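Structure, as C-alpha cells:
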Amino acid sequence: MYFVSTRDEKGTKFSATDAIMKGLAPDGGLFVPEHIPSLPEDFTMEKGYAYAAYQVLRPYFEGDEAEGDLLEICSKAFDFPVSFHQDNGKDTLELYYGPTSAFKDFGARFLAYFMENRLRKTGEDLTVLVATSGDTGGAVASAFYRREHIKVKVLFPKGGVSERQMRQLTCLDDNVEAFEVDGTFDDCQKMVKDAFMDPSLKGLTSANSINLGRLLPQAVYYVWASFIYQARYSKEPVMIIPSGNVGNSTGAFWAKAMGAPIRHIELAVNANRTIPDYLESGEYRPRKSCHTLANAMDVGAPSNMERLFSLFRSYDEFKANVSSHSVDDFKIRTTIKDVYDESGYVICPHTACAEYVRRTFYSDDPTVVVATAHPAKFENIVEAVIGKEVPIPEKLYDMISRDCSYTEIKADYKDLF
Ligand SMILES: *Cc1c(COP(=O)(O)O)cnc(C)c1O
C-alpha cells in the first residue's frame with residue numbers, strides 16, 4: 001500500500017511510515033491513500049476496539065515497516081472506551097472518553113505511539129509543531145507528553161480557546177512547550193506551514209489533522225459505530241459530524257469507502273460557512289474564520305478539503321456525496337437547552353451543531369450524531385444555558401488543576417525557534 005500527495009500529478013509514492021513521519025508532502029500537498037482498501041474479510045468486533053482498529057488499519061500498512069508493530073500501537077493508543085448514547089435510532093456516538101475529553105485523543109495517541117515506535121528504532125529526534133483552535137493542542141500535548149525522542153511546540157490563538165482548553169495546553173512541562181500567538185487560528189496554521197517550507201529548519205513534523213497518522217484512526221470509529229448501529233437497528237445510519245478542518249469527517253468518508261455500512265455523511269458546521277456555500281454555489285471560496293461558540297470548528301479554510309477534493313473529483317460528485325449545513329450561535333444555545341430539557345442529556349456546543357442539523361434536516365432518517373467533546377470542556381457556555389453545573393471527568397480535572405506556562409509571540413513562525 002502506498003500514499004500519494006493531493007498535489008502531485010505524477011503520483012510519487014510514499015510508504016505509510018514515510019507519509020506519517022513527514023506530515024506534509026514535499027510539494028505542500030496532503031497524503032492520501034493511492035486507493036481506499038476494503039475492510040478485511042475476517043473483520044470482527046468481538047475482540048474489542050483496539051483489535052478492530054488494528055484490522056481496519058492493517059490494509060493501509062500492508063508491506064510497511066510498521067506493519068508488525070501495528071497491533072501493539074493500537075493497543076496502547078486506544079485504551080479508553082468508545083460509547084454510544086442510544087435513543088431509538090437517533091443515537092449519539094460519544095468520542096470523548098480519552099485523556100483530554102475530545103475525539104482528537106484517538107488520532108493524537110495513535111500518532112504519538114506510532115512516532116515513538118519509529119524513532120526508537122532510528123534513534124532520531126523530532127519536533128512536532130501543532131496549531132490548535134482548541135482541542136488539538138491539548139490532545140497532542142497529552143499524547144506526546146514524555147514520549148521519547150520527541151519535542152512538541154503547541155500554538156494557540158490569543159483569546160481563541162476556552163479557559164479550560166488553555167489550561168490543558170499549558171499545564172505540561174518536560175518535552176511540551178506552549179505558545180500564545182497574537183493572531184487567529186488560521187494564522188497559527190499558516191505559521192506551521194511556513195516553518196515546513198523553510199529549508200533551514202530540520203527535523204520538523206506536524207501533528208495537525210493534516211497528518212495521515214491522525215486521520216487513519218479517525219476512520220476506525222466510523223466502522224465500529226456503523227456496524228453496531230446496523231446490528232441494533234438493521235439500518236445504515238447517516239453520520240452527522242461537527243466539522244471544522246474536516247479531518248474527522250474525512251475519516252468517515254474513508255470508512256464508508258472501505259465498506260462500512262454508512263448511508264450518508266453530513267458535515268455540520270458553525271457560522272463558518274465555507275463548505276455549505278460551496279455546495280450551494282459550486283465555487284470554492286476559503287476565507288478568514290469567525291469566532292463562534294463551537295470554537296474548535298472556527299475554520300474558514302478547512303485544510304482537509306484538499307483530501308475530499310481528491311476523493312470527489314468534480315463538483316457534481318462532491319455534491320452527491322457530501323452534505324453540509326451551517327448552524328449559528330443562537331441555534332447552538334437553543335439546541336443544548338432543548339436536548340437538556342427533553343431528556344437531561346448534556347451536549348457540547350460542537351455536538352449541538354450536529355444535533356440541530358439532525359432535528360432540522362434528518363428527522364425521519366436513522367442517524368448517528370457524533371459527540372466530539374465532553375460538555376464540561378465548555379462549561380461557561382453549557383452551564384449558562386442549562387442552568388446547572390456539569391460534572392468534570394476526573395482526568396480532565398487533574399489536568400486543568402496544574403500550573404500553566406506559555407510564551408506570548410507574534411504571528412511569525414521564526415519566533416518559535
Ligand atoms: C477539532 C474539533 C472539531 C472539528 O474536527 P475537524 O476534524 O477539524 O473537522 C469538532 N469538535 C471538536 C470538539 C473538536 O475538537
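Residues in the C-alpha cells are numbered from 1 in each chain, the chains being A, B, ... in the order shown, and ligands are numbered from 1 in the order shown.
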
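For ligand 1, the set of protein, DNA and RNA residues within 7 Å, based on only C-alpha atoms and all ligand atoms, reads Ala102, Phe103, Lys104, Gly134, Asp135, Thr136, Ser209, Pro242, Ser243, Gly244, Asn245, Val246, Gly247, Asn248, Ser249, Ala296, Met297, His350, Thr351, Thr372 and Ala373 of chain A.
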
Just-selected residues, N, CA, C and O atoms written as a CSV table (one decimal), in the first residue's frame:
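For reference, result17.csv as written:
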```
chain,number,residue,atom,x,y,z
A,102,ALA,N,-11.9,14.7,24.3
A,102,ALA,CA,-12.4,15.1,22.9
A,102,ALA,C,-11.9,14.0,22.0
A,102,ALA,O,-11.0,13.3,22.2
A,103,PHE,N,-12.6,13.9,20.8
A,103,PHE,CA,-12.3,12.9,19.8
A,103,PHE,C,-10.8,12.9,19.4
A,103,PHE,O,-10.3,11.9,18.9
A,104,LYS,N,-10.2,14.0,19.5
A,104,LYS,CA,-8.8,14.2,19.0
A,104,LYS,C,-7.8,13.3,19.7
A,104,LYS,O,-6.7,13.0,19.2
A,134,GLY,N,-8.3,24.8,19.7
A,134,GLY,CA,-8.9,24.4,20.9
A,134,GLY,C,-8.4,23.0,21.3
A,134,GLY,O,-7.5,22.9,22.1
A,135,ASP,N,-9.1,22.0,20.8
A,135,ASP,CA,-8.8,20.6,21.3
A,135,ASP,C,-7.6,19.9,20.8
A,135,ASP,O,-7.0,19.1,21.4
A,136,THR,N,-7.1,20.3,19.6
A,136,THR,CA,-6.0,19.6,19.0
A,136,THR,C,-4.8,19.7,19.9
A,136,THR,O,-4.1,18.7,20.3
A,209,SER,N,-4.4,17.9,11.9
A,209,SER,CA,-5.2,16.9,11.3
A,209,SER,C,-4.8,16.7,9.8
A,209,SER,O,-5.3,15.8,9.2
A,242,PRO,N,-19.9,17.1,13.5
A,242,PRO,CA,-19.4,18.5,13.7
A,242,PRO,C,-18.1,18.7,13.1
A,242,PRO,O,-17.1,18.0,13.4
A,243,SER,N,-18.0,19.7,12.2
A,243,SER,CA,-16.8,19.7,11.3
A,243,SER,C,-16.1,21.1,11.3
A,243,SER,O,-16.8,22.1,11.3
A,244,GLY,N,-14.8,21.1,11.2
A,244,GLY,CA,-14.0,22.4,11.1
A,244,GLY,C,-13.0,22.2,10.0
A,244,GLY,O,-13.2,22.6,8.9
A,245,ASN,N,-11.9,21.6,10.3
A,245,ASN,CA,-10.9,21.3,9.3
A,245,ASN,C,-11.2,20.0,8.5
A,245,ASN,O,-10.4,19.6,7.6
A,246,VAL,N,-12.3,19.4,8.8
A,246,VAL,CA,-12.8,18.2,8.1
A,246,VAL,C,-12.0,17.0,8.2
A,246,VAL,O,-12.1,16.1,7.3
A,247,GLY,N,-11.1,16.9,9.2
A,247,GLY,CA,-10.3,15.7,9.4
A,247,GLY,C,-11.1,14.6,9.9
A,247,GLY,O,-11.0,13.4,9.4
A,248,ASN,N,-12.0,14.8,10.9
A,248,ASN,CA,-12.8,13.8,11.4
A,248,ASN,C,-13.7,13.2,10.3
A,248,ASN,O,-13.9,12.0,10.2
A,249,SER,N,-14.3,14.1,9.5
A,249,SER,CA,-15.3,13.6,8.5
A,249,SER,C,-14.5,13.0,7.4
A,249,SER,O,-15.1,12.0,6.8
A,296,ALA,N,-13.7,25.1,18.4
A,296,ALA,CA,-12.8,24.1,17.7
A,296,ALA,C,-13.1,23.9,16.3
A,296,ALA,O,-12.4,23.2,15.6
A,297,MET,N,-14.2,24.5,15.8
A,297,MET,CA,-14.6,24.4,14.4
A,297,MET,C,-14.6,25.8,13.8
A,297,MET,O,-15.1,26.0,12.7
A,350,HIS,N,-20.2,22.0,20.0
A,350,HIS,CA,-19.9,21.4,18.7
A,350,HIS,C,-20.9,20.3,18.4
A,350,HIS,O,-21.5,20.3,17.2
A,351,THR,N,-21.2,19.5,19.3
A,351,THR,CA,-22.1,18.4,19.2
A,351,THR,C,-23.5,19.0,18.9
A,351,THR,O,-24.3,18.5,18.1
A,372,THR,N,-18.3,15.3,19.8
A,372,THR,CA,-16.8,15.4,19.6
A,372,THR,C,-16.1,15.8,20.9
A,372,THR,O,-14.9,15.6,21.0
A,373,ALA,N,-16.8,16.4,21.8
A,373,ALA,CA,-16.1,16.8,23.1
A,373,ALA,C,-17.1,16.6,24.3
A,373,ALA,O,-18.3,16.7,24.1
```

Would you pick out the contacts of range 162-165 of chain A at 8 Å or less, using only C-alpha atoms, so that residues sharing its chain but fewer than 2 positions from it are not included, and give the list as a PyMOL selection string? chain A and resi 134-135+138+159-160+167-169+377-378+400

Those in range 109-343 of chain A with strand (DSSP E or B) from DSSP, as a PyMOL selection string: chain A and resi 126-131+150-157+176-182+204-206+238-242+264-269+322-326

Just the residues within 9 Å of Val140 in chain A, please, counting only C-alpha atoms, with nothing from its chain fewer than 5 positions along; format it as an mmCIF file with N, CA, C and O atoms, in the first residue's frame.
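The result, written out as result10.cif:
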```cif
data_model
loop_
_atom_site.group_PDB
_atom_site.id
_atom_site.type_symbol
_atom_site.label_atom_id
_atom_site.label_comp_id
_atom_site.auth_asym_id
_atom_site.auth_seq_id
_atom_site.Cartn_x
_atom_site.Cartn_y
_atom_site.Cartn_z
ATOM 1 N N LYS A 104 -10.187 14.047 19.495
ATOM 2 C CA LYS A 104 -8.828 14.160 18.974
ATOM 3 C C LYS A 104 -7.837 13.253 19.688
ATOM 4 O O LYS A 104 -6.744 13.020 19.185
ATOM 5 N N ASP A 105 -8.219 12.725 20.848
ATOM 6 C CA ASP A 105 -7.343 11.769 21.522
ATOM 7 C C ASP A 105 -7.082 10.530 20.653
ATOM 8 O O ASP A 105 -5.998 9.955 20.725
ATOM 9 N N GLY A 107 -6.741 10.204 17.311
ATOM 10 C CA GLY A 107 -5.705 10.447 16.321
ATOM 11 C C GLY A 107 -4.369 10.787 16.958
ATOM 12 O O GLY A 107 -3.317 10.295 16.539
ATOM 13 N N ALA A 108 -4.417 11.631 17.980
ATOM 14 C CA ALA A 108 -3.171 12.097 18.593
ATOM 15 C C ALA A 108 -2.430 10.942 19.260
ATOM 16 O O ALA A 108 -1.206 10.831 19.156
ATOM 17 N N ARG A 109 -3.161 10.076 19.941
ATOM 18 C CA ARG A 109 -2.499 8.974 20.639
ATOM 19 C C ARG A 109 -1.932 7.950 19.657
ATOM 20 O O ARG A 109 -0.836 7.422 19.854
ATOM 21 N N LEU A 111 -0.883 8.603 16.660
ATOM 22 C CA LEU A 111 0.285 9.244 16.061
ATOM 23 C C LEU A 111 1.477 9.235 17.023
ATOM 24 O O LEU A 111 2.613 8.944 16.621
ATOM 25 N N ALA A 112 1.233 9.531 18.282
ATOM 26 C CA ALA A 112 2.329 9.615 19.257
ATOM 27 C C ALA A 112 3.004 8.250 19.435
ATOM 28 O O ALA A 112 4.235 8.151 19.403
ATOM 29 N N VAL A 130 2.278 22.030 16.259
ATOM 30 C CA VAL A 130 0.835 21.847 16.157
ATOM 31 C C VAL A 130 0.106 23.150 16.444
ATOM 32 O O VAL A 130 0.359 23.817 17.441
ATOM 33 N N ASP A 135 -9.051 21.976 20.770
ATOM 34 C CA ASP A 135 -8.825 20.644 21.309
ATOM 35 C C ASP A 135 -7.589 19.924 20.777
ATOM 36 O O ASP A 135 -7.047 19.055 21.432
ATOM 37 N N TYR A 145 3.267 13.721 25.588
ATOM 38 C CA TYR A 145 3.935 14.052 26.844
ATOM 39 C C TYR A 145 4.843 12.899 27.272
ATOM 40 O O TYR A 145 4.399 11.767 27.420
ATOM 41 N N VAL A 152 7.524 18.915 21.545
ATOM 42 C CA VAL A 152 6.273 19.433 20.996
ATOM 43 C C VAL A 152 6.195 20.941 21.186
ATOM 44 O O VAL A 152 6.501 21.451 22.270
ATOM 45 N N VAL A 154 3.260 23.768 20.780
ATOM 46 C CA VAL A 154 1.824 23.967 20.553
ATOM 47 C C VAL A 154 1.547 25.456 20.354
ATOM 48 O O VAL A 154 1.950 26.275 21.180
ATOM 49 N N LEU A 169 -3.591 23.026 27.462
ATOM 50 C CA LEU A 169 -2.469 23.226 26.541
ATOM 51 C C LEU A 169 -1.195 23.602 27.266
ATOM 52 O O LEU A 169 -0.104 23.413 26.754
ATOM 53 N N ALA A 207 1.526 17.509 13.706
ATOM 54 C CA ALA A 207 0.556 16.619 14.333
ATOM 55 C C ALA A 207 -0.845 17.167 14.129
ATOM 56 O O ALA A 207 -1.779 16.756 14.781
ATOM 57 N N ASN A 208 -0.985 18.126 13.211
ATOM 58 C CA ASN A 208 -2.312 18.645 12.894
ATOM 59 C C ASN A 208 -3.112 17.589 12.154
ATOM 60 O O ASN A 208 -2.579 16.559 11.765
#
```

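The neighbours of range 321-331 of chain A here are the residues that come within 6 Å of it, using only C-alpha atoms and leaving out any residue fewer than 3 positions away in the same chain; they are Glu266, Leu267, Ala268, Val269, Asn270, Ala271, Arg273, Pro276, Leu293, Phe318, Thr334, Thr335 and Cys353 of chain A.
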
Which is closest to Val238 in chain A among A:Phe361, A:Trp254, A:Tyr406, A:Phe106, if we use only C-alpha atoms?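 Ranking A:Phe361, A:Trp254, A:Tyr406, A:Phe106 by distance to Val238 in chain A, first place goes to A:Phe361.
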
Restricting the calculation to only C-alpha atoms, which member of A:Cys188, A:Thr367, A:Tyr278, A:Pro375 is positioned closest to Ile262 in chain A?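 The shortest atom-to-atom distance to Ile262 in chain A comes from A:Thr367.
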
Pull the helix (DSSP H, G or I) assignments for range 116-172 of chain A out of DSSP run on the backbone, and list those residues as a PyMOL selection string. chain A and resi 116-122+135-144+163-170

Any chance you could tabulate, as CSV, the residues of range 176-255 of chain A at most 10 Å from range 30-51 of chain A with each one's nearest atom pair and distance in Å to one decimal, using only C-alpha atoms, in chain and rising number order?
```
residue,atom,partner,partner_atom,distance
A:Ile210,CA,A:Leu30,CA,6.6
A:Asn211,CA,A:Phe31,CA,7.8
A:Leu212,CA,A:Phe31,CA,6.5
A:Leu215,CA,A:Val32,CA,9.8
A:Leu216,CA,A:Pro33,CA,9.9
A:Val220,CA,A:Tyr49,CA,8.9
A:Tyr221,CA,A:Tyr49,CA,8.6
A:Val223,CA,A:Leu39,CA,9.1
A:Trp224,CA,A:Met45,CA,7.5
A:Phe227,CA,A:Met45,CA,8.8
A:Ile228,CA,A:Met45,CA,9.0
A:Phe253,CA,A:Ile36,CA,10.0
A:Trp254,CA,A:Ile36,CA,6.8
A:Ala255,CA,A:Leu39,CA,8.7
```

Distance query Asp69 in chain A at most 10 Å, only C-alpha atoms, self and fewer than 3 positions along chain excluded, as an NGL selection string: :A and (54 or 65-66 or 72-74 or 114 or 117-118)

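In this structure, CA of Thr407 in chain A sits 20.6 Å away from CA of Thr205 in chain A.
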
For range 2-11 of chain A, list every protein, DNA or RNA residue within 10 Å, evaluated using only C-alpha atoms, and leave out those in the same chain fewer than 2 positions away; present the list as number ranges by chain. A: 13-20, 24-35, 60-64, 212, 306-311

Selection to disk with C-alpha atoms, as a short mmCIF file (atom, residue, chain, number, x, y, z; two decimals), in the first residue's frame:
```cif
data_model
loop_
_atom_site.label_atom_id
_atom_site.label_comp_id
_atom_site.auth_asym_id
_atom_site.auth_seq_id
_atom_site.Cartn_x
_atom_site.Cartn_y
_atom_site.Cartn_z
CA LYS A 13 4.64 7.03 -3.93
CA PHE A 14 5.35 7.11 -0.20
CA SER A 15 5.10 4.33 2.36
CA ALA A 16 2.73 4.83 5.30
CA THR A 17 5.66 5.33 7.67
CA ASP A 18 7.22 7.90 5.34
CA ALA A 19 3.95 9.79 4.95
CA ILE A 20 3.26 9.84 8.69
CA LEU A 24 3.04 17.24 4.84
CA ALA A 25 4.05 16.04 1.36
CA PRO A 26 7.23 17.67 -0.07
CA ASP A 27 5.13 19.64 -2.58
CA GLY A 28 2.92 21.08 0.16
CA GLY A 29 0.03 18.71 -0.59
CA LEU A 30 -1.60 16.22 1.75
CA PHE A 31 -1.00 12.50 1.75
CA VAL A 32 -3.89 10.28 0.65
CA PRO A 33 -4.02 6.52 0.05
CA GLU A 34 -3.39 5.56 -3.54
CA HIS A 35 -6.70 3.69 -3.34
CA TYR A 60 -3.10 0.80 4.98
CA PHE A 61 0.13 -0.56 6.45
CA GLU A 62 0.44 -3.59 4.21
CA GLY A 63 4.11 -4.00 3.33
CA ASP A 64 5.06 -1.09 5.58
CA LEU A 212 -2.15 10.93 7.93
CA GLU A 306 -7.96 19.06 -0.41
CA ARG A 307 -8.39 15.43 0.60
CA LEU A 308 -12.12 15.49 -0.07
CA PHE A 309 -11.50 17.09 -3.47
CA SER A 310 -9.12 14.25 -4.30
CA LEU A 311 -11.80 11.74 -3.30
#
```

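Residue nearest Ala178 in chain A, chosen from A:Leu70, A:Val161, A:Val339, A:Leu155 and counting only C-alpha atoms: A:Leu155.
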
Record the distance separating CA of Met1 in chain A and CA of Arg120 in chain A, expressed in Å with one decimal.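 A separation of 23.5 Å between them.
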
For Pro261 in chain A, which residue out of A:Ser234, A:Leu57, A:Thr292, A:Ser226 is the nearest one, using only C-alpha atoms? A:Ser226

For Gln218 in chain A, the closest of A:Thr250, A:Ser200, A:Asn88, A:Ser206 counting only C-alpha atoms is A:Thr250

Nearby residues (only C-alpha atoms) at most 12 Å from Gly89 in chain A, same-chain spacing under 3 positions excluded, as a count of residues only: 27

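Candidate residues A:Val370, A:Ala141, A:Leu279, A:Ala352 were compared for distance to Lys319 in chain A, and the nearest is A:Leu279, using only C-alpha atoms.
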